[in-house]
$ cat start_12.tsv   # TSV, C-alpha atoms
chain	number	residue	atom	x	y	z
A	1345	MET	CA	71.98	22.33	2.77
A	1346	GLY	CA	71.86	19.84	5.65
A	1347	ALA	CA	68.97	21.44	7.51
A	1348	ASN	CA	66.58	19.44	9.67
A	1349	VAL	CA	62.95	20.05	8.69
A	1350	LYS	CA	60.19	19.64	11.26
A	1351	GLN	CA	56.48	20.22	10.70
A	1352	SER	CA	54.19	20.63	13.68
A	1353	GLY	CA	50.61	20.23	12.52
A	1354	SER	CA	48.87	23.33	11.18
A	1355	TYR	CA	50.52	26.54	10.04
A	1356	ALA	CA	49.76	28.24	13.36
A	1357	GLU	CA	51.07	25.26	15.33
A	1358	SER	CA	54.25	25.17	13.26
A	1359	VAL	CA	54.89	28.88	13.86
A	1360	ALA	CA	54.28	28.50	17.60
A	1361	ASP	CA	56.62	25.51	17.76
A	1362	ALA	CA	59.31	27.36	15.80
A	1363	MET	CA	59.11	30.34	18.17
A	1364	ASP	CA	59.29	28.07	21.22
A	1365	SER	CA	62.24	26.08	19.81
A	1366	ALA	CA	64.12	29.27	18.93
A	1367	GLU	CA	63.70	30.64	22.44
A	1368	LYS	CA	64.70	27.41	24.17
A	1369	ASN	CA	67.77	26.84	21.97
A	1370	GLU	CA	68.79	30.49	21.59
A	1371	TRP	CA	68.27	30.27	17.82
A	1372	ILE	CA	67.28	33.11	15.50
A	1373	HIS	CA	63.60	32.96	14.63
A	1374	LEU	CA	62.90	34.02	11.04
A	1375	SER	CA	59.35	34.53	9.81
A	1376	ASP	CA	57.62	36.78	7.29
A	1377	GLY	CA	54.76	37.05	9.76
A	1378	SER	CA	55.09	40.06	12.06
A	1379	TRP	CA	53.49	41.32	15.24
A	1380	GLU	CA	54.10	43.99	17.86
A	1381	GLY	CA	57.76	43.74	18.87
A	1382	TYR	CA	58.73	41.49	15.95
A	1383	THR	CA	58.99	43.48	12.74
A	1384	GLU	CA	62.64	43.95	11.73
A	1385	ARG	CA	63.37	40.41	10.50
A	1386	PRO	CA	60.03	40.02	8.68
A	1387	ALA	CA	60.68	43.32	6.91
A	1388	LEU	CA	64.02	42.01	5.64
A	1389	ILE	CA	62.40	38.81	4.36
A	1390	MET	CA	59.70	40.86	2.64
A	1391	GLU	CA	62.37	43.03	1.05
A	1392	GLY	CA	63.68	39.87	-0.63
A	1393	TYR	CA	60.26	39.21	-2.17
A	1394	THR	CA	60.42	42.53	-4.01
A	1395	VAL	CA	62.89	40.94	-6.45
A	1396	LEU	CA	59.85	39.36	-8.14
A	1397	ALA	CA	58.20	42.71	-8.78
A	1398	GLU	CA	61.49	44.27	-9.88
A	1399	GLU	CA	62.18	41.51	-12.42
A	1400	CYS	CA	58.65	41.92	-13.76
A	1401	ASN	CA	59.23	45.68	-14.01
A	1402	HIS	CA	62.33	45.17	-16.17
A	1403	GLN	CA	60.61	42.69	-18.48
A	1404	PHE	CA	57.44	44.76	-18.92
A	1405	THR	CA	59.59	47.80	-19.65
A	1406	GLU	CA	61.42	45.90	-22.41
A	1407	MET	CA	58.13	44.62	-23.83
A	1408	ASN	CA	56.40	47.98	-23.40
A	1409	LYS	CA	53.35	46.06	-22.20
A	1410	TRP	CA	52.00	46.29	-18.69
A	1411	PRO	CA	49.48	44.25	-16.68
A	1412	THR	CA	46.07	45.76	-16.16
A	1413	HIS	CA	45.44	43.49	-13.16
A	1414	VAL	CA	47.64	41.70	-10.63
A	1415	PHE	CA	46.38	38.77	-8.53
A	1416	ILE	CA	48.60	37.90	-5.57
A	1417	GLN	CA	47.89	35.12	-3.10
A	1418	ALA	CA	48.25	35.81	0.61
A	1419	GLY	CA	48.67	33.88	3.82
A	1420	VAL	CA	49.96	36.28	6.46
A	1421	GLY	CA	50.51	38.72	3.58
A	1422	GLY	CA	54.29	39.06	3.31
A	1423	LEU	CA	54.62	38.21	-0.39
A	1424	ALA	CA	51.48	40.13	-1.33
A	1425	ALA	CA	52.47	43.27	0.56
A	1426	SER	CA	56.00	43.24	-0.85
A	1427	MET	CA	54.79	42.85	-4.43
A	1428	ALA	CA	52.08	45.49	-4.05
A	1429	ALA	CA	54.39	48.03	-2.38
A	1430	ASN	CA	57.05	47.65	-5.07
A	1431	ILE	CA	54.45	47.95	-7.83
A	1432	ARG	CA	53.00	51.12	-6.32
A	1433	GLU	CA	56.41	52.71	-5.82
A	1434	HIS	CA	58.24	51.72	-9.01
A	1435	TRP	CA	55.95	50.68	-11.86
A	1436	PRO	CA	55.21	53.50	-14.31
A	1437	VAL	CA	51.89	51.91	-15.30
A	1438	GLN	CA	49.66	51.01	-12.37
A	1439	PRO	CA	47.47	47.87	-12.34
A	1440	PHE	CA	44.43	46.95	-10.27
A	1441	ILE	CA	45.77	44.79	-7.42
A	1442	SER	CA	43.65	41.96	-5.97
A	1443	ILE	CA	44.80	40.07	-2.88
A	1444	VAL	CA	43.59	36.45	-2.92
A	1445	GLU	CA	42.98	34.46	0.28
A	1446	PRO	CA	41.36	31.12	1.18
A	1447	ASP	CA	37.77	31.58	2.30
A	1448	ALA	CA	38.75	29.45	5.33
A	1449	ALA	CA	41.37	32.04	6.38
A	1450	PRO	CA	40.46	35.56	5.20
A	1451	CYS	CA	42.55	37.35	7.82
A	1452	LEU	CA	43.53	40.28	5.59
A	1453	LEU	CA	40.02	40.76	4.23
A	1454	GLU	CA	38.51	40.79	7.72
A	1455	SER	CA	41.27	43.08	9.01
A	1456	ALA	CA	40.60	45.49	6.14
A	1457	LYS	CA	36.88	45.48	6.96
A	1458	ALA	CA	37.59	46.18	10.62
A	1459	HIS	CA	40.42	48.68	9.91
A	1460	GLU	CA	42.57	46.76	12.39
A	1461	LEU	CA	44.25	43.38	12.72
A	1462	THR	CA	41.54	40.77	13.15
A	1463	SER	CA	41.93	37.05	13.82
A	1464	THR	CA	39.80	34.63	11.84
A	1465	ASP	CA	38.61	31.13	12.50
A	1466	GLY	CA	37.68	28.42	10.05
A	1467	PRO	CA	38.32	24.88	8.83
A	1468	ASP	CA	41.68	23.74	7.52
A	1469	SER	CA	42.27	24.64	3.88
A	1470	CYS	CA	44.08	22.63	1.20
A	1471	MET	CA	46.03	25.85	0.61
A	1472	GLY	CA	48.38	24.98	3.47
A	1473	ARG	CA	50.85	27.87	3.19
A	1474	LEU	CA	47.96	30.33	2.86
A	1475	ASP	CA	45.86	28.85	5.67
A	1476	CYS	CA	46.76	31.62	8.11
A	1477	LYS	CA	44.21	32.88	10.62
A	1478	ASP	CA	46.24	35.96	11.65
A	1479	ALA	CA	47.71	38.54	9.28
A	1480	SER	CA	51.20	40.00	9.54
A	1481	LYS	CA	51.16	43.42	11.17
A	1482	ILE	CA	53.45	45.17	8.69
A	1483	ALA	CA	51.93	43.38	5.70
A	1484	PHE	CA	48.43	44.49	6.66
A	1485	GLU	CA	49.53	48.07	7.28
A	1486	SER	CA	51.11	48.12	3.81
A	1487	LEU	CA	48.29	46.36	1.94
A	1488	ILE	CA	45.58	48.56	3.38
A	1489	CYS	CA	47.20	51.36	1.36
A	1490	ASP	CA	48.36	49.48	-1.75
A	1491	ALA	CA	45.71	46.84	-2.56
A	1492	ASN	CA	42.56	47.66	-4.48
A	1493	GLU	CA	40.60	44.74	-3.06
A	1494	PHE	CA	40.75	41.55	-1.02
A	1495	ILE	CA	38.94	38.49	-2.40
A	1496	THR	CA	38.51	34.91	-1.23
A	1497	ILE	CA	38.54	31.60	-3.06
A	1498	SER	CA	37.40	28.12	-2.05
A	1499	ASP	CA	39.52	24.98	-1.88
A	1500	LYS	CA	37.64	23.77	-4.95
A	1501	ASP	CA	38.59	26.97	-6.82
A	1502	ALA	CA	42.26	26.46	-5.93
A	1503	GLU	CA	42.25	22.78	-6.88
A	1504	SER	CA	40.67	23.57	-10.27
A	1505	ALA	CA	43.31	26.24	-10.91
A	1506	THR	CA	46.05	23.75	-9.97
A	1507	GLU	CA	44.67	21.27	-12.50
A	1508	MET	CA	44.49	23.97	-15.19
A	1509	LEU	CA	48.13	24.92	-14.66
A	1510	ALA	CA	49.16	21.25	-14.75
A	1511	ARG	CA	47.52	20.92	-18.17
A	1512	HIS	CA	49.84	23.72	-19.31
A	1513	ASN	CA	52.90	21.97	-17.83
A	1514	ILE	CA	53.14	24.31	-14.83
A	1515	PRO	CA	53.13	21.96	-11.81
A	1516	THR	CA	52.16	23.62	-8.53
A	1517	THR	CA	49.97	23.26	-5.45
A	1518	PRO	CA	46.63	24.85	-4.53
A	1519	SER	CA	48.60	27.52	-2.64
A	1520	GLY	CA	50.73	28.26	-5.68
A	1521	ALA	CA	47.69	28.37	-7.97
A	1522	ALA	CA	45.60	30.67	-5.76
A	1523	GLY	CA	46.37	33.76	-7.83
A	1524	LEU	CA	45.01	32.04	-10.95
A	1525	ALA	CA	41.93	30.97	-9.00
A	1526	GLY	CA	41.38	34.61	-8.04
A	1527	LEU	CA	41.74	35.66	-11.67
A	1528	ILE	CA	39.20	33.06	-12.80
A	1529	LYS	CA	36.76	34.15	-10.10
A	1530	LYS	CA	37.04	37.86	-10.96
A	1531	ALA	CA	37.14	37.33	-14.76
A	1532	PRO	CA	38.28	40.88	-15.61
A	1533	GLY	CA	37.51	40.54	-19.32
A	1534	SER	CA	39.17	39.69	-22.62
A	1535	ASP	CA	40.75	43.14	-22.93
A	1536	SER	CA	42.63	42.73	-19.64
A	1537	ARG	CA	46.26	41.65	-19.28
A	1538	PRO	CA	46.46	39.94	-15.88
A	1539	LEU	CA	49.61	38.94	-13.98
A	1540	ILE	CA	49.67	36.00	-11.57
A	1541	ILE	CA	52.52	34.58	-9.51
A	1542	VAL	CA	52.82	30.78	-9.28
A	1543	SER	CA	54.58	30.77	-5.95
A	1544	GLU	CA	55.65	27.14	-5.52
A	1545	GLY	CA	56.36	23.92	-7.37
A	1546	ALA	CA	54.45	20.68	-7.08

$ encode --input "start_12.tsv" --output "structure tokens"
Amino acid sequence: MGANVKQSGSYAESVADAMDSAEKNEWIHLSDGSWEGYTERPALIMEGYTVLAEECNHQFTEMNKWPTHVFIQAGVGGLAASMAANIREHWPVQPFISIVEPDAAPCLLESAKAHELTSTDGPDSCMGRLDCKDASKIAFESLICDANEFITISDKDAESATEMLARHNIPTTPSGAAGLAGLIKKAPGSDSRPLIIVSEGA
């Protein structure tokens, strides 16, 4: 669409640069990460993510088969919170919802343990879009009510899941395969019917 794309190092550095550029140039800053004083635009972006859960709802209704488990990857938590909230509000059959994070950036897990937003610190992860050390305020406040658990996966787990999906002709990245990695780690059993979201292409 003619946009100029600029990447500024890590996820956190890119966000900081985007905020600074928006302020200097009087641009609109759009992010699904939220914090005190910045919640309206992230909420609108998160509302868009609910289309995924709504499309699943329609298809599972037609099939009359519902997932027993849902594994959703999370960075700041926007996608995960949107999916989980829509599932809790609209699905007639409720699954067990696991939120999957890199073990290098478990900001939602640590926030849940502390019952408040908690920054994390760790090495860079190969799951670039999930390598977020600070959770979104509104995503955390939603997930603390809607998620059943928060789990972490290693880079090796994510890379193995990426390779598995590639063998089934589903090209993606370690970030996109994180939900599958969470499923493999939890191994809910042969009688389960898990749902994962492959969130990006190769």

$ residues_around --input "start_12.tsv" --residues "segment 1430-1444 of chain A" --least-positions-apart "4" --cutoff "8 Å" --atoms "all atoms listed in the file" --output "mmCIF file with C-alpha atoms, keeping the file's coordinate frame"
data_model
loop_
_atom_site.group_PDB
_atom_site.id
_atom_site.type_symbol
_atom_site.label_atom_id
_atom_site.label_comp_id
_atom_site.auth_asym_id
_atom_site.auth_seq_id
_atom_site.Cartn_x
_atom_site.Cartn_y
_atom_site.Cartn_z
ATOM 1 C CA THR A 1394 60.420 42.530 -4.010
ATOM 2 C CA ALA A 1397 58.200 42.710 -8.780
ATOM 3 C CA GLU A 1398 61.490 44.270 -9.880
ATOM 4 C CA ASN A 1401 59.230 45.680 -14.010
ATOM 5 C CA TRP A 1410 52.000 46.290 -18.690
ATOM 6 C CA PRO A 1411 49.480 44.250 -16.680
ATOM 7 C CA THR A 1412 46.070 45.760 -16.160
ATOM 8 C CA HIS A 1413 45.440 43.490 -13.160
ATOM 9 C CA VAL A 1414 47.640 41.700 -10.630
ATOM 10 C CA PHE A 1415 46.380 38.770 -8.530
ATOM 11 C CA ILE A 1416 48.600 37.900 -5.570
ATOM 12 C CA GLN A 1417 47.890 35.120 -3.100
ATOM 13 C CA ALA A 1418 48.250 35.810 0.610
ATOM 14 C CA ALA A 1424 51.480 40.130 -1.330
ATOM 15 C CA SER A 1426 56.000 43.240 -0.850
ATOM 16 C CA ASP A 1490 48.360 49.480 -1.750
ATOM 17 C CA ALA A 1491 45.710 46.840 -2.560
ATOM 18 C CA ASN A 1492 42.560 47.660 -4.480
ATOM 19 C CA GLU A 1493 40.600 44.740 -3.060
ATOM 20 C CA PHE A 1494 40.750 41.550 -1.020
ATOM 21 C CA ILE A 1495 38.940 38.490 -2.400
ATOM 22 C CA THR A 1496 38.510 34.910 -1.230
ATOM 23 C CA ILE A 1497 38.540 31.600 -3.060
ATOM 24 C CA ALA A 1522 45.600 30.670 -5.760
ATOM 25 C CA GLY A 1523 46.370 33.760 -7.830
ATOM 26 C CA GLY A 1526 41.380 34.610 -8.040
#

$ atom_distance --input "start_12.tsv" --atom1 "atom CA of Val1420 of chain A" --atom2 "atom CA of Ser1480 of chain A"
5.0 Å

$ residues_around --input "start_12.tsv" --residues "Gly1472 of chain A" --least-positions-apart "5" --cutoff "8 Å" --atoms "only C-alpha atoms" --output "PyMOL selection string"
chain A and resi 1354-1355+1519

$ closest_residue --input "start_12.tsv" --among "A:Cys1476, A:Ala1425, A:Leu1487, A:Met1471" --to "Glu1357 of chain A" --atoms "only C-alpha atoms"
A:Cys1476

$ closest_residue --input "start_12.tsv" --among "A:Ser1352, A:Thr1383, A:Ser1498, A:Asn1408" --to "Glu1485 of chain A" --atoms "all atoms listed in the file"
A:Thr1383

$ axis_aligned_box --input "start_12.tsv" --around "segment 1529-1538 of chain A" --padding-each-side "6 Å" --output "lines of an AutoDock Vina configuration file"
center_x = 41.6
center_y = 38.6
center_z = -16.5
size_x = 21.7
size_y = 21.0
size_z = 24.8

$ residues_around --input "start_12.tsv" --residues "Ala1521 of chain A" --least-positions-apart "6" --cutoff "6 Å" --atoms "all atoms listed in the file" --output "list in words"
Ala1505, Thr1506 and Val1542 of chain A

$ atom_distance --input "start_12.tsv" --atom1 "atom CA of Asp1499 of chain A" --atom2 "atom CA of Cys1470 of chain A"
6.0 Å

$ atom_distance --input "start_12.tsv" --atom1 "atom CA of Leu1423 of chain A" --atom2 "atom CA of Met1390 of chain A"
6.5 Å

$ build_atoms --input "start_12.tsv" --residues "segment 1451-1480 of chain A" --atoms "N, CA and C atoms" --output "mmCIF file, in the frame of the given file"
data_model
loop_
_atom_site.group_PDB
_atom_site.id
_atom_site.type_symbol
_atom_site.label_atom_id
_atom_site.label_comp_id
_atom_site.auth_asym_id
_atom_site.auth_seq_id
_atom_site.Cartn_x
_atom_site.Cartn_y
_atom_site.Cartn_z
ATOM 1 N N CYS A 1451 42.112 36.446 6.760
ATOM 2 C CA CYS A 1451 42.550 37.350 7.820
ATOM 3 C C CYS A 1451 42.801 38.774 7.322
ATOM 4 N N LEU A 1452 43.294 38.929 6.106
ATOM 5 C CA LEU A 1452 43.530 40.280 5.590
ATOM 6 C C LEU A 1452 42.224 40.958 5.202
ATOM 7 N N LEU A 1453 41.324 40.215 4.587
ATOM 8 C CA LEU A 1453 40.020 40.760 4.230
ATOM 9 C C LEU A 1453 39.276 41.238 5.470
ATOM 10 N N GLU A 1454 39.230 40.415 6.496
ATOM 11 C CA GLU A 1454 38.510 40.790 7.720
ATOM 12 C C GLU A 1454 39.209 41.935 8.444
ATOM 13 N N SER A 1455 40.530 41.967 8.401
ATOM 14 C CA SER A 1455 41.270 43.080 9.010
ATOM 15 C C SER A 1455 40.983 44.383 8.271
ATOM 16 N N ALA A 1456 40.906 44.296 6.928
ATOM 17 C CA ALA A 1456 40.600 45.490 6.140
ATOM 18 C C ALA A 1456 39.191 46.003 6.457
ATOM 19 N N LYS A 1457 38.244 45.086 6.610
ATOM 20 C CA LYS A 1457 36.880 45.480 6.960
ATOM 21 C C LYS A 1457 36.828 46.174 8.310
ATOM 22 N N ALA A 1458 37.607 45.657 9.257
ATOM 23 C CA ALA A 1458 37.590 46.180 10.620
ATOM 24 C C ALA A 1458 38.538 47.367 10.818
ATOM 25 N N HIS A 1459 39.398 47.637 9.823
ATOM 26 C CA HIS A 1459 40.420 48.680 9.910
ATOM 27 C C HIS A 1459 41.403 48.428 11.048
ATOM 28 N N GLU A 1460 41.581 47.160 11.396
ATOM 29 C CA GLU A 1460 42.570 46.760 12.390
ATOM 30 C C GLU A 1460 42.807 45.265 12.275
ATOM 31 N N LEU A 1461 43.945 44.802 12.789
ATOM 32 C CA LEU A 1461 44.250 43.380 12.720
ATOM 33 C C LEU A 1461 43.155 42.566 13.398
ATOM 34 N N THR A 1462 42.659 41.577 12.671
ATOM 35 C CA THR A 1462 41.540 40.770 13.150
ATOM 36 C C THR A 1462 41.827 39.303 12.909
ATOM 37 N N SER A 1463 41.747 38.498 13.959
ATOM 38 C CA SER A 1463 41.930 37.050 13.820
ATOM 39 C C SER A 1463 40.695 36.429 13.188
ATOM 40 N N THR A 1464 40.918 35.354 12.443
ATOM 41 C CA THR A 1464 39.800 34.630 11.840
ATOM 42 C C THR A 1464 39.826 33.193 12.313
ATOM 43 N N ASP A 1465 38.717 32.529 12.109
ATOM 44 C CA ASP A 1465 38.610 31.130 12.500
ATOM 45 C C ASP A 1465 37.892 30.389 11.387
ATOM 46 N N GLY A 1466 38.313 29.184 11.109
ATOM 47 C CA GLY A 1466 37.680 28.420 10.050
ATOM 48 C C GLY A 1466 38.298 27.050 9.925
ATOM 49 N N PRO A 1467 37.772 26.230 9.027
ATOM 50 C CA PRO A 1467 38.320 24.880 8.830
ATOM 51 C C PRO A 1467 39.695 24.933 8.183
ATOM 52 N N ASP A 1468 40.398 23.824 8.222
ATOM 53 C CA ASP A 1468 41.680 23.740 7.520
ATOM 54 C C ASP A 1468 41.446 23.836 6.019
ATOM 55 N N SER A 1469 42.364 24.488 5.332
ATOM 56 C CA SER A 1469 42.270 24.640 3.880
ATOM 57 C C SER A 1469 43.337 23.778 3.211
ATOM 58 N N CYS A 1470 43.060 23.355 1.974
ATOM 59 C CA CYS A 1470 44.080 22.630 1.200
ATOM 60 C C CYS A 1470 45.211 23.558 0.789
ATOM 61 N N MET A 1471 44.988 24.865 0.909
ATOM 62 C CA MET A 1471 46.030 25.850 0.610
ATOM 63 C C MET A 1471 46.878 26.048 1.868
ATOM 64 N N GLY A 1472 47.696 25.037 2.181
ATOM 65 C CA GLY A 1472 48.380 24.980 3.470
ATOM 66 C C GLY A 1472 49.192 26.210 3.817
ATOM 67 N N ARG A 1473 49.994 26.713 2.884
ATOM 68 C CA ARG A 1473 50.850 27.870 3.190
ATOM 69 C C ARG A 1473 50.054 29.173 3.253
ATOM 70 N N LEU A 1474 48.815 29.139 2.796
ATOM 71 C CA LEU A 1474 47.960 30.330 2.860
ATOM 72 C C LEU A 1474 46.930 30.224 3.982
ATOM 73 N N ASP A 1475 46.886 29.103 4.662
ATOM 74 C CA ASP A 1475 45.860 28.850 5.670
ATOM 75 C C ASP A 1475 46.251 29.509 6.995
ATOM 76 N N CYS A 1476 46.291 30.834 6.975
ATOM 77 C CA CYS A 1476 46.760 31.620 8.110
ATOM 78 C C CYS A 1476 45.591 32.407 8.699
ATOM 79 N N LYS A 1477 45.356 32.247 9.976
ATOM 80 C CA LYS A 1477 44.210 32.880 10.620
ATOM 81 C C LYS A 1477 44.532 34.273 11.148
ATOM 82 N N ASP A 1478 45.814 34.639 11.172
ATOM 83 C CA ASP A 1478 46.240 35.960 11.650
ATOM 84 C C ASP A 1478 47.166 36.597 10.628
ATOM 85 N N ALA A 1479 46.894 37.828 10.262
ATOM 86 C CA ALA A 1479 47.710 38.540 9.280
ATOM 87 C C ALA A 1479 48.969 39.115 9.929
ATOM 88 N N SER A 1480 49.980 39.321 9.110
ATOM 89 C CA SER A 1480 51.200 40.000 9.540
ATOM 90 C C SER A 1480 50.911 41.483 9.749
#
